[in-house]
file query_23.cif (mmCIF, C-alpha atoms and all ligand atoms)
data_work
loop_
_atom_site.label_atom_id
_atom_site.label_comp_id
_atom_site.auth_asym_id
_atom_site.auth_seq_id
_atom_site.Cartn_x
_atom_site.Cartn_y
_atom_site.Cartn_z
CA MET A 1 19.42 -16.14 -12.36
CA ASN A 2 15.82 -16.94 -13.12
CA ASN A 3 14.75 -14.32 -15.67
CA ASP A 4 11.08 -15.16 -15.39
CA LEU A 5 11.13 -14.45 -11.67
CA ILE A 6 12.89 -11.10 -12.23
CA ASN A 7 10.45 -10.09 -14.95
CA TYR A 8 7.46 -11.19 -12.92
CA THR A 9 8.69 -9.21 -9.92
CA LEU A 10 9.22 -6.14 -12.11
CA HIS A 11 5.73 -6.55 -13.55
CA LEU A 12 4.27 -6.52 -10.02
CA ALA A 13 6.40 -3.51 -9.13
CA ASP A 14 5.45 -1.56 -12.25
CA ASN A 15 1.72 -2.16 -11.70
CA SER A 16 1.94 -0.67 -8.22
CA LEU A 17 4.26 2.18 -9.16
CA ILE A 18 2.25 3.40 -12.13
CA LEU A 19 -1.12 3.25 -10.34
CA GLY A 20 0.47 4.94 -7.33
CA GLN A 21 1.81 7.69 -9.58
CA ARG A 22 -1.59 8.11 -11.25
CA ASN A 23 -3.43 8.36 -7.94
CA SER A 24 -0.91 10.87 -6.62
CA GLU A 25 -2.00 13.27 -9.38
CA TRP A 26 -5.10 13.81 -7.24
CA CYS A 27 -3.03 15.24 -4.38
CA GLY A 28 -4.60 18.63 -3.60
CA HIS A 29 -7.33 18.12 -6.23
CA GLY A 30 -9.63 15.54 -4.57
CA PRO A 31 -13.37 16.26 -4.64
CA ILE A 32 -13.39 16.70 -0.84
CA LEU A 33 -10.57 16.77 1.67
CA GLU A 34 -11.19 13.32 3.19
CA GLN A 35 -11.22 11.65 -0.21
CA ASP A 36 -8.16 13.57 -1.33
CA ILE A 37 -6.43 12.09 1.72
CA ALA A 38 -7.84 8.64 0.99
CA ILE A 39 -6.64 8.46 -2.61
CA THR A 40 -3.18 9.77 -1.72
CA ASN A 41 -2.93 7.27 1.16
CA ILE A 42 -3.70 4.53 -1.34
CA SER A 43 -1.04 6.00 -3.56
CA LEU A 44 1.47 5.77 -0.72
CA ASP A 45 0.59 2.12 -0.06
CA LEU A 46 1.07 1.28 -3.74
CA ILE A 47 4.41 3.04 -3.98
CA GLY A 48 5.47 1.21 -0.82
CA GLN A 49 4.61 -2.11 -2.45
CA ALA A 50 6.49 -1.07 -5.57
CA ARG A 51 9.58 -0.30 -3.48
CA ASN A 52 9.53 -3.75 -1.93
CA PHE A 53 9.22 -5.43 -5.32
CA TYR A 54 11.91 -3.23 -6.91
CA GLN A 55 14.31 -3.86 -4.02
CA TYR A 56 13.78 -7.57 -4.45
CA ALA A 57 14.17 -7.40 -8.24
CA ALA A 58 17.39 -5.40 -7.79
CA SER A 59 18.77 -8.05 -5.44
CA LEU A 60 17.89 -10.80 -7.93
CA LYS A 61 19.46 -8.96 -10.85
CA ALA A 62 22.61 -8.31 -8.82
CA ASP A 63 24.01 -6.14 -11.62
CA GLY A 64 24.20 -2.84 -9.80
CA SER A 65 20.50 -2.07 -10.32
CA THR A 66 18.80 -0.34 -7.41
CA GLU A 67 15.16 0.23 -6.56
CA ASP A 68 15.62 3.76 -7.89
CA SER A 69 17.19 2.81 -11.20
CA LEU A 70 14.44 0.25 -11.78
CA ALA A 71 11.70 2.76 -11.00
CA TYR A 72 13.14 5.89 -12.58
CA LEU A 73 15.56 5.00 -15.32
CA LYS A 74 13.81 2.47 -17.48
CA THR A 75 12.56 3.24 -20.97
CA GLU A 76 8.89 2.95 -21.80
CA ARG A 77 9.22 -0.49 -23.40
CA GLU A 78 10.89 -1.83 -20.27
CA TYR A 79 7.82 -1.19 -18.09
CA LYS A 80 5.66 -4.28 -17.72
CA ASN A 81 2.59 -2.82 -16.04
CA CYS A 82 -0.84 -3.73 -17.38
CA LEU A 83 -2.59 -1.10 -19.47
CA LEU A 84 -5.36 -0.52 -16.93
CA VAL A 85 -3.16 1.23 -14.37
CA GLU A 86 -1.74 3.77 -16.83
CA GLN A 87 -5.15 5.02 -18.01
CA PRO A 88 -5.82 8.68 -17.21
CA ASN A 89 -7.62 9.68 -14.03
CA GLY A 90 -10.50 11.24 -15.95
CA ASP A 91 -13.17 12.30 -13.47
CA TRP A 92 -13.64 10.86 -9.97
CA ALA A 93 -15.85 8.09 -11.39
CA GLN A 94 -13.11 6.91 -13.74
CA THR A 95 -10.46 6.99 -11.01
CA ILE A 96 -12.76 5.08 -8.64
CA LEU A 97 -13.64 2.47 -11.22
CA ARG A 98 -9.98 1.95 -12.20
CA GLN A 99 -9.11 1.47 -8.53
CA PHE A 100 -11.95 -0.98 -8.00
CA LEU A 101 -11.15 -3.06 -11.09
CA PHE A 102 -7.48 -3.20 -10.12
CA SER A 103 -7.84 -3.68 -6.34
CA ASN A 104 -10.30 -6.49 -6.97
CA TYR A 105 -7.61 -8.20 -9.07
CA GLN A 106 -4.74 -7.37 -6.71
CA TYR A 107 -6.64 -8.62 -3.66
CA LEU A 108 -7.20 -12.04 -5.25
CA LEU A 109 -3.67 -12.13 -6.66
CA TYR A 110 -1.98 -11.39 -3.33
CA GLN A 111 -4.14 -13.99 -1.60
CA GLN A 112 -2.49 -16.57 -3.84
CA LEU A 113 0.91 -14.90 -3.81
CA GLN A 114 1.18 -14.94 -0.01
CA SER A 115 1.68 -18.70 -0.11
CA HIS A 116 4.04 -18.57 -3.11
CA LYS A 117 7.11 -20.80 -3.09
CA ASP A 118 9.29 -17.72 -3.34
CA ASP A 119 9.53 -16.50 0.25
CA GLN A 120 10.11 -12.84 -0.52
CA LEU A 121 7.21 -12.49 -2.98
CA ALA A 122 5.05 -14.25 -0.40
CA ALA A 123 6.17 -11.88 2.36
CA ILE A 124 5.51 -8.76 0.27
CA ALA A 125 2.04 -10.05 -0.64
CA GLU A 126 1.24 -10.96 2.95
CA LYS A 127 2.34 -7.53 4.11
CA SER A 128 0.37 -5.68 1.42
CA LEU A 129 -2.82 -7.67 1.57
CA LYS A 130 -4.40 -5.84 4.48
CA GLU A 131 -3.79 -2.50 2.79
CA VAL A 132 -5.26 -3.80 -0.45
CA THR A 133 -8.31 -4.93 1.53
CA TYR A 134 -8.85 -1.29 2.50
CA HIS A 135 -8.43 -0.21 -1.12
CA LEU A 136 -10.94 -2.76 -2.34
CA ARG A 137 -13.49 -1.90 0.31
CA TRP A 138 -13.14 1.81 -0.18
CA SER A 139 -13.35 1.68 -3.98
CA SER A 140 -16.27 -0.83 -3.93
CA GLU A 141 -18.25 1.49 -1.69
CA TRP A 142 -17.58 4.40 -4.00
CA VAL A 143 -18.62 2.45 -7.11
CA ILE A 144 -21.93 1.75 -5.35
CA ARG A 145 -22.31 5.31 -4.09
CA LEU A 146 -21.79 6.76 -7.57
CA GLY A 147 -23.58 4.08 -9.58
CA ASP A 148 -26.62 4.18 -7.31
CA GLY A 149 -26.35 7.92 -6.71
CA THR A 150 -27.73 10.65 -8.93
CA GLU A 151 -28.47 10.49 -12.63
CA GLU A 152 -25.27 12.47 -13.21
CA SER A 153 -23.05 10.17 -11.12
CA HIS A 154 -24.68 7.07 -12.65
CA ASN A 155 -23.99 8.33 -16.17
CA ARG A 156 -20.41 9.09 -15.28
CA MET A 157 -19.95 5.54 -14.05
CA LEU A 158 -21.38 4.23 -17.32
CA LYS A 159 -18.90 6.36 -19.24
CA ALA A 160 -16.05 5.10 -17.02
CA ILE A 161 -17.04 1.48 -17.69
CA ASP A 162 -17.04 2.27 -21.39
CA GLU A 163 -13.53 3.73 -21.12
CA LEU A 164 -11.91 1.09 -18.93
CA TRP A 165 -13.56 -2.24 -19.50
CA ARG A 166 -11.43 -3.03 -22.55
CA TYR A 167 -8.29 -2.98 -20.37
CA THR A 168 -9.52 -5.61 -17.90
CA GLY A 169 -9.04 -8.65 -20.13
CA GLU A 170 -5.28 -8.29 -20.03
CA LEU A 171 -5.21 -8.94 -16.29
CA PHE A 172 -6.05 -12.57 -16.96
CA MET A 173 -3.88 -13.17 -20.04
CA PRO A 174 -0.58 -14.55 -18.78
CA ALA A 175 2.63 -13.07 -20.15
CA ASP A 176 5.43 -15.56 -20.87
CA TYR A 177 7.16 -14.75 -17.58
CA GLU A 178 3.86 -15.30 -15.74
CA LYS A 179 3.20 -18.79 -17.02
CA GLU A 180 5.53 -20.52 -14.55
CA SER A 181 4.65 -18.20 -11.68
CA GLY A 182 2.30 -20.75 -10.10
CA ILE A 183 -0.44 -18.13 -9.96
CA GLU A 184 -3.76 -19.42 -11.26
CA LEU A 185 -5.21 -16.59 -13.29
CA THR A 186 -8.38 -18.52 -14.11
CA VAL A 187 -9.17 -18.77 -10.39
CA ILE A 188 -8.53 -15.04 -10.02
CA LYS A 189 -10.73 -14.33 -13.03
CA ASP A 190 -13.68 -16.24 -11.53
CA GLY A 191 -13.38 -14.45 -8.20
CA TRP A 192 -12.94 -11.12 -9.95
CA ASN A 193 -16.08 -11.55 -12.05
CA LYS A 194 -18.04 -12.60 -8.99
CA LYS A 195 -17.03 -9.49 -7.08
CA VAL A 196 -17.73 -7.21 -10.06
CA ASN A 197 -21.21 -8.69 -10.34
CA ILE A 198 -21.97 -8.20 -6.64
CA VAL A 199 -20.73 -4.62 -6.53
CA PHE A 200 -22.22 -3.61 -9.89
CA ASP A 201 -25.53 -5.12 -8.86
CA ASP A 202 -25.63 -2.93 -5.74
CA ALA A 203 -24.54 0.00 -7.89
CA THR A 204 -27.33 -0.58 -10.44
CA LEU A 205 -24.66 -1.04 -13.12
CA ILE A 206 -24.33 -3.86 -15.60
CA PRO A 207 -20.95 -5.32 -16.60
CA PRO A 208 -20.51 -5.36 -20.40
CA SER A 209 -21.29 -8.87 -21.63
CA GLY A 210 -17.90 -10.53 -21.92
CA GLY A 211 -19.07 -13.64 -23.79
CA GLY A 212 -16.29 -13.39 -26.38
CA GLY A 213 -17.95 -10.20 -27.64
CA ALA A 214 -16.07 -7.42 -25.88
CA PHE A 215 -12.75 -6.60 -27.50
CA MET A 216 -9.87 -6.53 -25.01
CA GLN A 217 -6.69 -4.52 -25.37
CA SER A 218 -3.42 -6.08 -24.30
CA GLY A 219 0.33 -5.60 -24.58
CA GLY A 220 1.25 -3.70 -21.43
CA LYS A 221 2.72 -6.75 -19.73
CA GLN A 222 5.03 -7.13 -22.72
CA GLY A 223 6.02 -3.46 -22.74
CA LYS A 224 3.65 -2.29 -25.49
CA HIS A 225 1.79 0.56 -23.90
CA THR A 226 -0.91 3.07 -24.67
CA GLU A 227 0.26 6.61 -25.42
CA HIS A 228 -0.43 7.56 -21.80
CA LEU A 229 2.57 5.85 -20.25
CA GLY A 230 5.03 8.15 -22.00
CA TYR A 231 3.40 11.19 -20.43
CA ILE A 232 3.46 9.57 -17.00
CA LEU A 233 7.16 8.80 -17.35
CA THR A 234 7.91 12.35 -18.44
CA GLU A 235 6.69 13.56 -15.09
CA LEU A 236 7.82 10.58 -13.00
CA GLN A 237 11.37 10.58 -14.33
CA TYR A 238 11.95 14.28 -14.77
CA MET A 239 14.05 14.87 -11.66
CA GLN A 240 16.30 11.86 -12.17
CA ARG A 241 16.80 12.67 -15.84
CA ALA A 242 17.50 16.36 -15.25
CA TYR A 243 19.63 15.86 -12.12
CA PRO A 244 21.03 12.32 -12.30
CA GLY A 245 21.45 10.75 -8.87
CA CYS A 246 19.75 13.60 -7.05
CA GLU A 247 18.54 12.79 -3.55
CA TRP A 248 16.68 14.68 -0.84
CA MET B 1 31.27 -0.15 22.58
CA THR B 2 31.38 -3.59 21.01
CA THR B 3 29.14 -6.63 20.87
CA SER B 4 31.10 -8.20 23.76
CA THR B 5 30.68 -5.30 26.18
CA ILE B 6 26.94 -4.70 25.86
CA ASP B 7 23.93 -6.87 26.52
CA LYS B 8 20.64 -6.93 24.66
CA LYS B 9 18.69 -5.48 27.57
CA THR B 10 20.84 -2.35 27.55
CA LEU B 11 20.47 -2.10 23.79
CA TYR B 12 16.70 -2.35 24.00
CA ALA B 13 16.76 0.52 26.48
CA TYR B 14 18.72 2.60 23.96
CA LEU B 15 16.32 1.64 21.15
CA ASP B 16 13.45 2.73 23.38
CA GLU B 17 14.87 6.27 23.09
CA ILE B 18 14.18 6.31 19.34
CA LYS B 19 10.76 7.75 18.57
CA ASP B 20 8.42 7.34 15.63
CA PRO B 21 8.92 10.66 13.79
CA GLU B 22 5.20 10.81 12.94
CA VAL B 23 3.89 9.91 16.41
CA PRO B 24 6.68 11.21 18.64
CA VAL B 25 5.24 9.88 21.91
CA LEU B 26 5.79 6.32 20.73
CA SER B 27 9.19 4.70 20.71
CA ILE B 28 10.00 2.02 18.19
CA ILE B 29 9.83 -0.47 21.07
CA ASP B 30 6.31 0.73 21.99
CA LEU B 31 5.29 0.33 18.36
CA GLY B 32 6.61 -3.22 18.29
CA ILE B 33 8.64 -2.82 15.14
CA VAL B 34 11.97 -4.06 16.55
CA ARG B 35 11.98 -7.79 15.90
CA ASP B 36 15.43 -8.78 17.12
CA ILE B 37 18.98 -7.79 17.93
CA VAL B 38 21.61 -10.16 16.56
CA MET B 39 25.34 -10.11 17.28
CA HIS B 40 27.60 -11.59 14.60
CA GLY B 41 31.04 -11.44 16.17
CA GLU B 42 31.95 -7.75 15.96
CA GLU B 43 28.92 -6.85 13.88
CA ILE B 44 25.58 -5.87 15.31
CA GLU B 45 22.33 -6.27 13.40
CA ILE B 46 18.98 -4.75 14.30
CA ILE B 47 15.99 -6.37 12.65
CA ILE B 48 12.91 -4.21 12.16
CA THR B 49 9.56 -4.55 10.41
CA PRO B 50 7.45 -1.77 8.87
CA THR B 51 4.00 -0.84 10.20
CA TYR B 52 2.57 -0.01 6.78
CA THR B 53 4.21 -0.91 3.47
CA GLY B 54 4.58 2.69 2.34
CA CYS B 55 5.33 4.23 5.72
CA PRO B 56 7.82 7.02 4.96
CA ALA B 57 8.99 7.04 8.59
CA MET B 58 10.76 3.69 8.20
CA ASP B 59 13.78 5.10 6.37
CA MET B 60 14.21 7.75 9.02
CA ILE B 61 13.84 5.21 11.83
CA ALA B 62 16.51 2.99 10.26
CA MET B 63 18.79 6.02 9.97
CA HIS B 64 18.21 6.93 13.63
CA ILE B 65 19.10 3.38 14.68
CA ARG B 66 22.33 3.50 12.67
CA MET B 67 23.22 6.87 14.17
CA MET B 68 22.52 5.59 17.67
CA LEU B 69 24.74 2.54 17.11
CA ALA B 70 27.49 4.73 15.68
CA THR B 71 27.25 7.04 18.69
CA LEU B 72 27.62 4.01 20.97
CA GLY B 73 30.81 3.17 19.10
CA PHE B 74 29.77 0.21 17.00
CA LYS B 75 31.92 0.17 13.89
CA LYS B 76 30.13 -2.67 12.12
CA GLN B 77 26.38 -2.47 12.10
CA LYS B 78 23.39 -3.01 9.91
CA VAL B 79 19.64 -2.56 10.01
CA THR B 80 17.62 -5.23 8.26
CA THR B 81 13.95 -4.95 7.34
CA VAL B 82 11.79 -8.08 7.37
CA LEU B 83 8.17 -8.20 6.19
CA SER B 84 6.90 -11.52 7.49
CA PRO B 85 5.10 -12.09 9.76
CA ALA B 86 3.35 -8.84 8.89
CA TRP B 87 3.09 -6.27 11.66
CA THR B 88 -0.29 -5.80 13.28
CA THR B 89 -1.44 -3.42 16.00
CA ASP B 90 -1.25 -6.41 18.38
CA TRP B 91 2.51 -5.80 18.42
CA MET B 92 2.03 -2.42 20.08
CA SER B 93 2.78 -2.49 23.80
CA GLU B 94 0.19 -1.67 26.45
CA ASP B 95 2.49 1.11 27.54
CA GLY B 96 2.42 2.44 23.98
CA LYS B 97 -1.38 2.39 23.92
CA ARG B 98 -1.52 4.36 27.17
CA LYS B 99 0.96 6.95 25.84
CA LEU B 100 -1.06 7.35 22.64
CA LYS B 101 -4.23 8.04 24.57
CA GLU B 102 -2.51 10.59 26.79
CA TYR B 103 -1.23 12.25 23.62
CA GLY B 104 -4.82 12.58 22.31
CA ILE B 105 -4.77 9.75 19.78
CA ALA B 106 -7.23 6.90 20.37
CA PRO B 107 -5.21 3.67 20.61
CA PRO B 108 -6.08 0.67 18.42
CA ASN B 109 -8.94 -1.43 19.72
CA PRO B 110 -7.75 -4.69 21.27
CA ARG B 111 -9.67 -6.76 18.76
CA GLN B 112 -9.82 -6.16 15.04
CA GLN B 113 -13.38 -5.30 14.16
CA VAL B 114 -13.66 -4.21 10.56
CA CYS B 115 -10.46 -5.28 8.85
CA ASP B 116 -12.25 -7.34 6.21
CA ASP B 117 -13.81 -6.57 2.84
CA LYS B 118 -17.42 -6.25 4.02
CA LEU B 119 -18.98 -3.14 2.54
CA PHE B 120 -20.59 -0.32 4.47
CA ALA B 121 -19.88 -2.05 7.76
CA ALA B 122 -20.64 0.02 10.84
CA ALA B 123 -17.59 2.03 11.88
CA GLU B 124 -15.61 0.64 14.78
CA SER B 125 -16.72 1.90 18.14
CA VAL B 126 -13.83 4.02 19.36
CA GLN B 127 -13.45 5.73 22.71
CA CYS B 128 -12.79 9.48 22.72
CA PRO B 129 -9.29 9.98 24.17
CA LEU B 130 -10.34 13.29 25.74
CA CYS B 131 -13.66 12.65 27.54
CA ASN B 132 -13.76 8.82 27.32
CA SER B 133 -17.16 8.80 25.64
CA TYR B 134 -17.95 5.98 23.22
CA HIS B 135 -20.44 8.29 21.57
CA THR B 136 -18.17 9.00 18.57
CA HIS B 137 -18.34 8.63 14.81
CA ARG B 138 -15.88 8.08 12.01
CA ILE B 139 -15.27 10.99 9.65
CA SER B 140 -12.83 9.21 7.36
CA GLU B 141 -11.11 5.84 7.39
CA PHE B 142 -7.98 7.46 6.01
CA GLY B 143 -6.21 10.06 8.13
CA SER B 144 -3.12 12.22 8.34
CA THR B 145 -0.83 9.17 8.12
CA ALA B 146 -1.38 5.65 6.81
CA CYS B 147 -1.91 4.28 10.33
CA LYS B 148 -4.71 6.62 11.38
CA ALA B 149 -8.41 7.22 10.78
CA LEU B 150 -10.28 10.40 11.62
CA TYR B 151 -13.06 10.42 14.23
CA GLN B 152 -15.14 12.98 16.04
CA CYS B 153 -16.63 12.82 19.52
CA ASP B 154 -20.37 13.48 19.67
CA ASP B 155 -20.22 14.50 23.33
CA CYS B 156 -17.25 16.86 23.62
CA LYS B 157 -17.31 17.54 19.83
CA GLU B 158 -13.55 17.20 19.58
CA PRO B 159 -12.20 15.63 16.37
CA PHE B 160 -9.43 13.11 17.05
CA ASP B 161 -7.12 10.63 15.35
CA TYR B 162 -7.66 6.93 15.82
CA PHE B 163 -4.65 4.64 15.42
CA LYS B 164 -6.67 2.14 13.43
CA CYS B 165 -6.48 -1.53 14.10
CA HIS B 166 -4.48 -3.21 11.41
ZN ZN C 1 -15.07 13.43 23.75
#

call {"tool": "encode", "arguments": {"input": "query_23.cif", "output": "structure tokens"}}
result
Amino acid sequence: MNNDLINYTLHLADNSLILGQRNSEWCGHGPILEQDIAITNISLDLIGQARNFYQYAASLKADGSTEDSLAYLKTEREYKNCLLVEQPNGDWAQTILRQFLFSNYQYLLYQQLQSHKDDQLAAIAEKSLKEVTYHLRWSSEWVIRLGDGTEESHNRMLKAIDELWRYTGELFMPADYEKESGIELTVIKDGWNKKVNIVFDDATLIPPSGGGGAFMQSGGKQGKHTEHLGYILTELQYMQRAYPGCEW
Amino acid sequence: MTTSTIDKKTLYAYLDEIKDPEVPVLSIIDLGIVRDIVMHGEEIEIIITPTYTGCPAMDMIAMHIRMMLATLGFKKQKVTTVLSPAWTTDWMSEDGKRKLKEYGIAPPNPRQQVCDDKLFAAAESVQCPLCNSYHTHRISEFGSTACKALYQCDDCKEPFDYFKCH
């Protein structure tokens, strides 16, 4: 079987799972009820996407793997999500910015993926794209609301940019298994920068000057993660590790 | 019962008895998530499509279909999920829209109005399912389930769910 396709599918799945898990930490803790519901709805969409990708990866592997074993029983180094999605929630500004930076990328990625030569990846992308459109719109509006809000909210956005910007470069650096995927990351990068500029402009925020100056972290796609992923997995995998095979 | 003693029309009538667990006035036929019924010799296959990617009701719906088929006596059966073409609210039947409204949930508007990435677009104009006023406003674009948004009527003051166009 094509290992690149399996790894690429797992990478897509892990991105959605880990961000979905992160967002779900807000459940019951959102700043107001409607936004608590919004962020957990987004979480549900992402976990739904992850399920579709894991089910497909399991069928490609055809070695007895299931969507559950691929989500719950991998070791840290086996996760291929980008570093951005595993970063802590921080305050609402940091969560919003992480969602915006990622949804902006995912929106452009799925637009390409929906006409991929692999029918199943294309179908999952097509199905998810409308939901991702909601995520992008919602998070863009919040970036503007906070950036162009009060002095306090503006400063929090600045701090969030400072925390997260260094994890955005990795989105556009292809891993080995991504190189033959047919996805044009340079096209995505252009569209992504354009959208960031538009939204930041409305939000009275300035993107850090990329120009070769800003240092970018990478490694997540290859399984080399920040310390945060381990803590996520501790919580995510607890039930399956403590009670193997448990269902409800 | 076997594939040779039942026709599709009868089967669709049985499937119409299975309700969406989250919106129990709607059957899976009303929702438009049953794509096809296929007979392979002795085996029967029901093809369904999810409304939203993460909709937790889908697993339960698939289980209800399998139980229904088992009750009818089908020994070999399967439920297959397909994603493409992606479901939209256009697949919901007119009957389904009427039932939703009677239940107090505003049905999806016939034409998609704000399903793009434009920011701060005016909220869709949605009719209050209780007093029929269009004088309503959106409280939140995310609601109690993935498929709904939350609105309030400015005339009768009642808050209500809107099955958002998708
Ligand atoms: Zn009213």

call {"tool": "residues_around", "arguments": {"input": "query_23.cif", "residues": "stretch 52-64 of chain A", "least_positions_apart": "4", "cutoff": "12 Å", "atoms": "all atoms listed in the file", "output": "JSON, numbers by chain"}}
result
{"A": [1, 2, 3, 4, 5, 6, 7, 8, 9, 10, 11, 12, 13, 14, 15, 16, 17, 45, 46, 47, 48, 68, 69, 70, 71, 72, 118, 119, 120, 121, 122, 123, 124, 125, 127, 128], "B": [50, 52, 53, 54, 55, 81, 82, 83]}

call {"tool": "residues_near_point", "arguments": {"input": "query_23.cif", "point": "(23.5, -8.4, 21.8)", "cutoff": "10 Å", "atoms": "only C-alpha atoms", "output": "list in words"}}
result
Thr2, Thr3, Ser4, Thr5, Ile6, Asp7, Lys8, Lys9, Thr10, Leu11, Tyr12, Asp36, Ile37, Val38, Met39, His40, Gly41, Glu43, Ile44, Glu45 and Ile46 of chain B

call {"tool": "residues_around", "arguments": {"input": "query_23.cif", "residues": "A:Glu163", "least_positions_apart": "2", "cutoff": "12 Å", "atoms": "only C-alpha atoms", "output": "list in words"}}
result
Leu84, Gln87, Pro88, Asn89, Gly90, Asp91, Ala93, Gln94, Thr95, Leu97, Arg98, Arg156, Met157, Leu158, Lys159, Ala160, Ile161, Trp165, Arg166, Tyr167, Thr168, Pro208, Met216 and Gln217 of chain A

call {"tool": "closest_residue", "arguments": {"input": "query_23.cif", "among": "B:Phe120, B:Tyr103, B:Tyr14, B:Tyr162", "to": "chain A", "atoms": "all atoms listed in the file"}}
result
B:Phe120

call {"tool": "interface_residues", "arguments": {"input": "query_23.cif", "of": "chain A", "to": "chain B", "cutoff": "10 Å", "atoms": "all atoms listed in the file", "output": "JSON list (two decimals) with C-alpha atoms, in the coordinates of the input"}}
result
[["chain", "number", "residue", "atom", "x", "y", "z"],
["A", 33, "LEU", "CA", -10.57, 16.77, 1.67],
["A", 34, "GLU", "CA", -11.19, 13.32, 3.19],
["A", 35, "GLN", "CA", -11.22, 11.65, -0.21],
["A", 36, "ASP", "CA", -8.16, 13.57, -1.33],
["A", 37, "ILE", "CA", -6.43, 12.09, 1.72],
["A", 38, "ALA", "CA", -7.84, 8.64, 0.99],
["A", 39, "ILE", "CA", -6.64, 8.46, -2.61],
["A", 40, "THR", "CA", -3.18, 9.77, -1.72],
["A", 41, "ASN", "CA", -2.93, 7.27, 1.16],
["A", 42, "ILE", "CA", -3.70, 4.53, -1.34],
["A", 43, "SER", "CA", -1.04, 6.00, -3.56],
["A", 44, "LEU", "CA", 1.47, 5.77, -0.72],
["A", 45, "ASP", "CA", 0.59, 2.12, -0.06],
["A", 46, "LEU", "CA", 1.07, 1.28, -3.74],
["A", 47, "ILE", "CA", 4.41, 3.04, -3.98],
["A", 48, "GLY", "CA", 5.47, 1.21, -0.82],
["A", 49, "GLN", "CA", 4.61, -2.11, -2.45],
["A", 50, "ALA", "CA", 6.49, -1.07, -5.57],
["A", 51, "ARG", "CA", 9.58, -0.30, -3.48],
["A", 52, "ASN", "CA", 9.53, -3.75, -1.93],
["A", 107, "TYR", "CA", -6.64, -8.62, -3.66],
["A", 119, "ASP", "CA", 9.53, -16.50, 0.25],
["A", 120, "GLN", "CA", 10.11, -12.84, -0.52],
["A", 122, "ALA", "CA", 5.05, -14.25, -0.40],
["A", 123, "ALA", "CA", 6.17, -11.88, 2.36],
["A", 124, "ILE", "CA", 5.51, -8.76, 0.27],
["A", 125, "ALA", "CA", 2.04, -10.05, -0.64],
["A", 126, "GLU", "CA", 1.24, -10.96, 2.95],
["A", 127, "LYS", "CA", 2.34, -7.53, 4.11],
["A", 128, "SER", "CA", 0.37, -5.68, 1.42],
["A", 129, "LEU", "CA", -2.82, -7.67, 1.57],
["A", 130, "LYS", "CA", -4.40, -5.84, 4.48],
["A", 131, "GLU", "CA", -3.79, -2.50, 2.79],
["A", 132, "VAL", "CA", -5.26, -3.80, -0.45],
["A", 133, "THR", "CA", -8.31, -4.93, 1.53],
["A", 134, "TYR", "CA", -8.85, -1.29, 2.50],
["A", 135, "HIS", "CA", -8.43, -0.21, -1.12],
["A", 136, "LEU", "CA", -10.94, -2.76, -2.34],
["A", 137, "ARG", "CA", -13.49, -1.90, 0.31],
["A", 138, "TRP", "CA", -13.14, 1.81, -0.18],
["A", 139, "SER", "CA", -13.35, 1.68, -3.98],
["A", 140, "SER", "CA", -16.27, -0.83, -3.93],
["A", 141, "GLU", "CA", -18.25, 1.49, -1.69],
["A", 144, "ILE", "CA", -21.93, 1.75, -5.35],
["A", 199, "VAL", "CA", -20.73, -4.62, -6.53]]

call {"tool": "atom_distance", "arguments": {"input": "query_23.cif", "atom1": "atom CA of A:Glu184", "atom2": "atom CA of A:His116"}}
result
11.3 Å

call {"tool": "closest_residue", "arguments": {"input": "query_23.cif", "among": "B:Gly104, B:Tyr151, B:Pro159, B:Cys128", "to": "ligand ZN 1 (chain C)", "atoms": "all atoms listed in the file"}}
result
B:Cys128

call {"tool": "residues_near_ligand", "arguments": {"input": "query_23.cif", "ligand": "ligand ZN 1 (chain C)", "cutoff": "12 Å", "atoms": "only C-alpha atoms and all ligand atoms", "output": "PyMOL selection string"}}
result
chain B and resi 104-106+126-137+151-161

call {"tool": "closest_residue", "arguments": {"input": "query_23.cif", "among": "A:Tyr79, A:Phe102, A:Trp26, A:Trp142", "to": "A:Phe172", "atoms": "all atoms listed in the file"}}
result
A:Phe102

call {"tool": "atom_distance", "arguments": {"input": "query_23.cif", "atom1": "atom CA of A:Thr150", "atom2": "atom CA of A:Lys195"}}
result
22.9 Å

call {"tool": "atom_distance", "arguments": {"input": "query_23.cif", "atom1": "atom CA of A:Ile32", "atom2": "atom CA of B:Asn109"}}
result
27.8 Å

call {"tool": "residues_near_point", "arguments": {"input": "query_23.cif", "point": "(-0.2, 7.7, -17.6)", "cutoff": "7 Å", "atoms": "all atoms listed in the file", "output": "list of chain:residue names"}}
result
A:Arg22, A:Glu86, A:Gln87, A:Pro88, A:His228, A:Leu229, A:Gly230, A:Tyr231, A:Ile232

call {"tool": "write_last_selection", "arguments": {"input": "query_23.cif", "atoms": "C-alpha atoms", "output": "tab-separated table (two decimals), keeping the file's coordinate frame"}}
result
chain	number	residue	atom	x	y	z
A	22	ARG	CA	-1.59	8.11	-11.25
A	86	GLU	CA	-1.74	3.77	-16.83
A	87	GLN	CA	-5.15	5.02	-18.01
A	88	PRO	CA	-5.82	8.68	-17.21
A	228	HIS	CA	-0.43	7.56	-21.80
A	229	LEU	CA	2.57	5.85	-20.25
A	230	GLY	CA	5.03	8.15	-22.00
A	231	TYR	CA	3.40	11.19	-20.43
A	232	ILE	CA	3.46	9.57	-17.00

call {"tool": "residues_around", "arguments": {"input": "query_23.cif", "residues": "A:Cys82", "least_positions_apart": "2", "cutoff": "7 Å", "atoms": "only C-alpha atoms", "output": "MDAnalysis selection string"}}
result
chainID A and resid 15 80 84:85 170:171 220:221

call {"tool": "closest_residue", "arguments": {"input": "query_23.cif", "among": "A:Leu185, A:Ile206, A:Leu236, A:Cys27", "to": "A:Gly147", "atoms": "only C-alpha atoms"}}
result
A:Ile206
